[in-house]
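Student: Can you read through this structure? Questions will come right after.
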Amino acid sequence: MRFSLFILPLFLILTLFSSQNAGAEQVVPVPMKAELSPSQARAALNYEPTKGPLDSFFPQCAVDKQKASTLLEAGGVGTFSLTGPNQLKFKIEYKGLSGSPIMAHFHNGAPGVSGPILQTICGDPPPTSAIGYSPDSLLGPECPSGTSGVLEGIYPLQDYKCPEGDSSCTSLTVDQQVQLLACGNLYVNFHTCLNQPGEISGQIIPLMWLGKELDCNALPPKGE
């Protein structure tokens, strides 16, 4: 009798533990990839010269422009993994830039279309910039020094709320941002002193379906 009383609670504990683990295993990471190149770099986004050039926020650019190299070797590759409903892991390797990156961002935009910043990866967007609003940088207010490097971290998706009074900004829920990823409508952009709007960019392409493709205007291209 005592043995039976001991076995029953143990069985319940093991059953609960197994069910929790089974639920956790249902979250399958969704791999994504981006090939970054100068050919994908976007034009300036509603840039307003009256607000002052980015040089006023990055005084080092006056010197760095003079030391800028050619862009023949500029490029990069990014690997991404959507784990759960609100976490995007990323690793972006870049090389051959004309100078150190001054900013890098996740942007909202279809292939070939310039779009606003959703999240700063490194660097600090100028407060009066017309290239978009972003929460705090994921990796700090300064990008790594050098023309080659790696940016690696986690982008925790959260409701994107525009600053009050900014009519040019569009607020997005987490689900809407996942929808953008499913449709291949987010891209990575690297800014340098020589090419402040963007020197290399790359569209983030899912390598497997996310189950939201019916809501895309067109099916996104599949990466390899």
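Naming scheme: A, B, ... for chains in displayed order of the structure tokens; residues 1 onward per chain; ligands 1 onward as shown.
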Mind checking which residues fall within 12 Å of A:Glu73, counting only C-alpha atoms, ignoring those fewer than 2 positions away in the same chain, and posting them as a ChimeraX atom specification?

Tutor: /A:36-39,69-71,75-76,94-98,147-148,199-200

Student: Go ahead and dump the residues you just picked, N, CA and C atoms, as a PDB file, in the first residue's frame.

Tutor:
```
ATOM      1  N   LEU A  36      24.277  39.695 -48.705  1.00  0.00           N
ATOM      2  CA  LEU A  36      24.425  41.152 -48.731  1.00  0.00           C
ATOM      3  C   LEU A  36      25.391  41.564 -49.832  1.00  0.00           C
ATOM      4  N   SER A  37      25.026  42.607 -50.559  1.00  0.00           N
ATOM      5  CA  SER A  37      25.868  43.080 -51.652  1.00  0.00           C
ATOM      6  C   SER A  37      25.571  44.547 -51.951  1.00  0.00           C
ATOM      7  N   PRO A  38      26.530  45.249 -52.625  1.00  0.00           N
ATOM      8  CA  PRO A  38      26.267  46.631 -53.040  1.00  0.00           C
ATOM      9  C   PRO A  38      25.100  46.721 -54.029  1.00  0.00           C
ATOM     10  N   SER A  39      24.896  45.665 -54.819  1.00  0.00           N
ATOM     11  CA  SER A  39      23.841  45.716 -55.833  1.00  0.00           C
ATOM     12  C   SER A  39      22.450  45.779 -55.213  1.00  0.00           C
ATOM     13  N   SER A  69      37.952  52.890 -49.279  1.00  0.00           N
ATOM     14  CA  SER A  69      38.493  52.024 -50.322  1.00  0.00           C
ATOM     15  C   SER A  69      37.410  51.725 -51.358  1.00  0.00           C
ATOM     16  N   THR A  70      37.766  50.941 -52.360  1.00  0.00           N
ATOM     17  CA  THR A  70      36.779  50.575 -53.380  1.00  0.00           C
ATOM     18  C   THR A  70      35.764  49.605 -52.792  1.00  0.00           C
ATOM     19  N   LEU A  71      34.659  49.406 -53.505  1.00  0.00           N
ATOM     20  CA  LEU A  71      33.596  48.529 -53.032  1.00  0.00           C
ATOM     21  C   LEU A  71      33.581  47.196 -53.774  1.00  0.00           C
ATOM     22  N   GLY A  75      30.657  42.835 -49.303  1.00  0.00           N
ATOM     23  CA  GLY A  75      29.592  41.847 -49.317  1.00  0.00           C
ATOM     24  C   GLY A  75      29.439  41.200 -47.953  1.00  0.00           C
ATOM     25  N   GLY A  76      28.554  40.252 -47.879  1.00  0.00           N
ATOM     26  CA  GLY A  76      28.342  39.571 -46.610  1.00  0.00           C
ATOM     27  C   GLY A  76      27.263  38.520 -46.722  1.00  0.00           C
ATOM     28  N   TYR A  94      30.337  40.240 -42.575  1.00  0.00           N
ATOM     29  CA  TYR A  94      30.519  41.204 -43.656  1.00  0.00           C
ATOM     30  C   TYR A  94      32.006  41.429 -43.900  1.00  0.00           C
ATOM     31  N   LYS A  95      32.328  41.879 -45.109  1.00  0.00           N
ATOM     32  CA  LYS A  95      33.736  42.108 -45.446  1.00  0.00           C
ATOM     33  C   LYS A  95      33.842  43.136 -46.566  1.00  0.00           C
ATOM     34  N   GLY A  96      35.015  43.733 -46.673  1.00  0.00           N
ATOM     35  CA  GLY A  96      35.318  44.598 -47.805  1.00  0.00           C
ATOM     36  C   GLY A  96      34.570  45.915 -47.856  1.00  0.00           C
ATOM     37  N   LEU A  97      34.060  46.400 -46.716  1.00  0.00           N
ATOM     38  CA  LEU A  97      33.378  47.697 -46.738  1.00  0.00           C
ATOM     39  C   LEU A  97      34.374  48.816 -47.021  1.00  0.00           C
ATOM     40  N   SER A  98      33.868  49.952 -47.428  1.00  0.00           N
ATOM     41  CA  SER A  98      34.740  51.091 -47.715  1.00  0.00           C
ATOM     42  C   SER A  98      35.315  51.697 -46.439  1.00  0.00           C
ATOM     43  N   THR A 147      36.690  47.105 -41.553  1.00  0.00           N
ATOM     44  CA  THR A 147      35.895  46.922 -42.769  1.00  0.00           C
ATOM     45  C   THR A 147      35.308  45.524 -42.881  1.00  0.00           C
ATOM     46  N   SER A 148      35.712  44.632 -42.002  1.00  0.00           N
ATOM     47  CA  SER A 148      35.165  43.273 -41.962  1.00  0.00           C
ATOM     48  C   SER A 148      34.829  42.922 -40.523  1.00  0.00           C
ATOM     49  N   GLU A 199      25.477  50.840 -47.863  1.00  0.00           N
ATOM     50  CA  GLU A 199      26.539  50.370 -48.763  1.00  0.00           C
ATOM     51  C   GLU A 199      26.290  48.948 -49.233  1.00  0.00           C
ATOM     52  N   ILE A 200      25.878  48.080 -48.327  1.00  0.00           N
ATOM     53  CA  ILE A 200      25.461  46.729 -48.707  1.00  0.00           C
ATOM     54  C   ILE A 200      24.141  46.410 -48.004  1.00  0.00           C
TER      55      ILE A 200
END
```

Student: In Å, how far is it from atom CA of A:Asp136 to atom CA of A:Ile117?

Tutor: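 According to the coordinates, atom CA of A:Asp136 and atom CA of A:Ile117 are separated by 11.9 Å.
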
Student: With only C-alpha atoms as the basis for distance, which of A:Gly165, A:Pro156, A:Pro85, A:Gly78 is at the shortest distance from A:Gln119?

Tutor: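 So, comparing all the options, the nearest one is A:Pro156.
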
Student: I'd like the contact shell of A:Pro101 - 10 Å cut-off, only C-alpha atoms, skipping same-chain residues fewer than 6 positions apart - returned as an NGL selection string.

Tutor: :A and (94 or 122-123 or 142-149 or 190-196 or 198-199)

Student: Which residue, A:Gln40, A:Gln87, A:Asn189, A:Gln179, has the smallest gap to A:Pro206 when you use only C-alpha atoms?

Tutor: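 With only C-alpha atoms as the atom set, the closest residue is A:Gln179.
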
Student: Excluding A:Ser81 and any residue of its chain fewer than 3 positions from it, enumerate the residues within 10 Å of it, using only C-alpha atoms, and give them as a list of chain:residue names.

Tutor: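 Residues near the query, excluding close chain neighbours: A:Val28, A:Pro29, A:Val30, A:Pro31, A:Met32, A:Lys33, A:Gly84, A:Gln87, A:Leu88, A:Lys89, A:Phe90, A:Lys91, A:Ile154, A:Pro206, A:Leu207.
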
Student: Near A:Leu186, counting only C-alpha atoms, which residues have an atom at most 10 Å away, once you skip same-chain residues fewer than 2 positions from it, shown as an MDAnalysis selection string?

Tutor: chainID A and resid 34 106:111 115 117:118 177:184 188:189 202:205

Student: So, counting only C-alpha atoms, which residue among A:Phe58, A:Asp159, A:Ile92, A:Asp166 is closest to A:Pro125?

Tutor: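 For A:Pro125, the nearest of the candidates is A:Phe58.
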
Student: List the spatial neighbours of A:Cys162 as a PDB file with C-alpha atoms, in the first residue's frame - criterion: any atom at most 10 Å away, only C-alpha atoms, same-chain residues fewer than 5 positions off excluded.

Tutor:
```pdb
ATOM      1  CA  LEU A 118      12.479  48.561 -37.639  1.00  0.00           C
ATOM      2  CA  GLY A 132      13.202  55.747 -39.629  1.00  0.00           C
ATOM      3  CA  TYR A 133      12.695  55.250 -35.920  1.00  0.00           C
ATOM      4  CA  SER A 134      14.229  52.417 -33.896  1.00  0.00           C
ATOM      5  CA  PRO A 135      14.265  51.190 -30.306  1.00  0.00           C
ATOM      6  CA  SER A 167       2.655  60.291 -39.256  1.00  0.00           C
ATOM      7  CA  SER A 168       5.257  58.733 -41.592  1.00  0.00           C
ATOM      8  CA  CYS A 169       5.751  55.739 -39.276  1.00  0.00           C
ATOM      9  CA  THR A 170       3.608  52.574 -39.226  1.00  0.00           C
ATOM     10  CA  SER A 171       3.138  50.663 -35.963  1.00  0.00           C
ATOM     11  CA  LEU A 172       3.389  46.870 -36.203  1.00  0.00           C
TER      12      LEU A 172
END
```
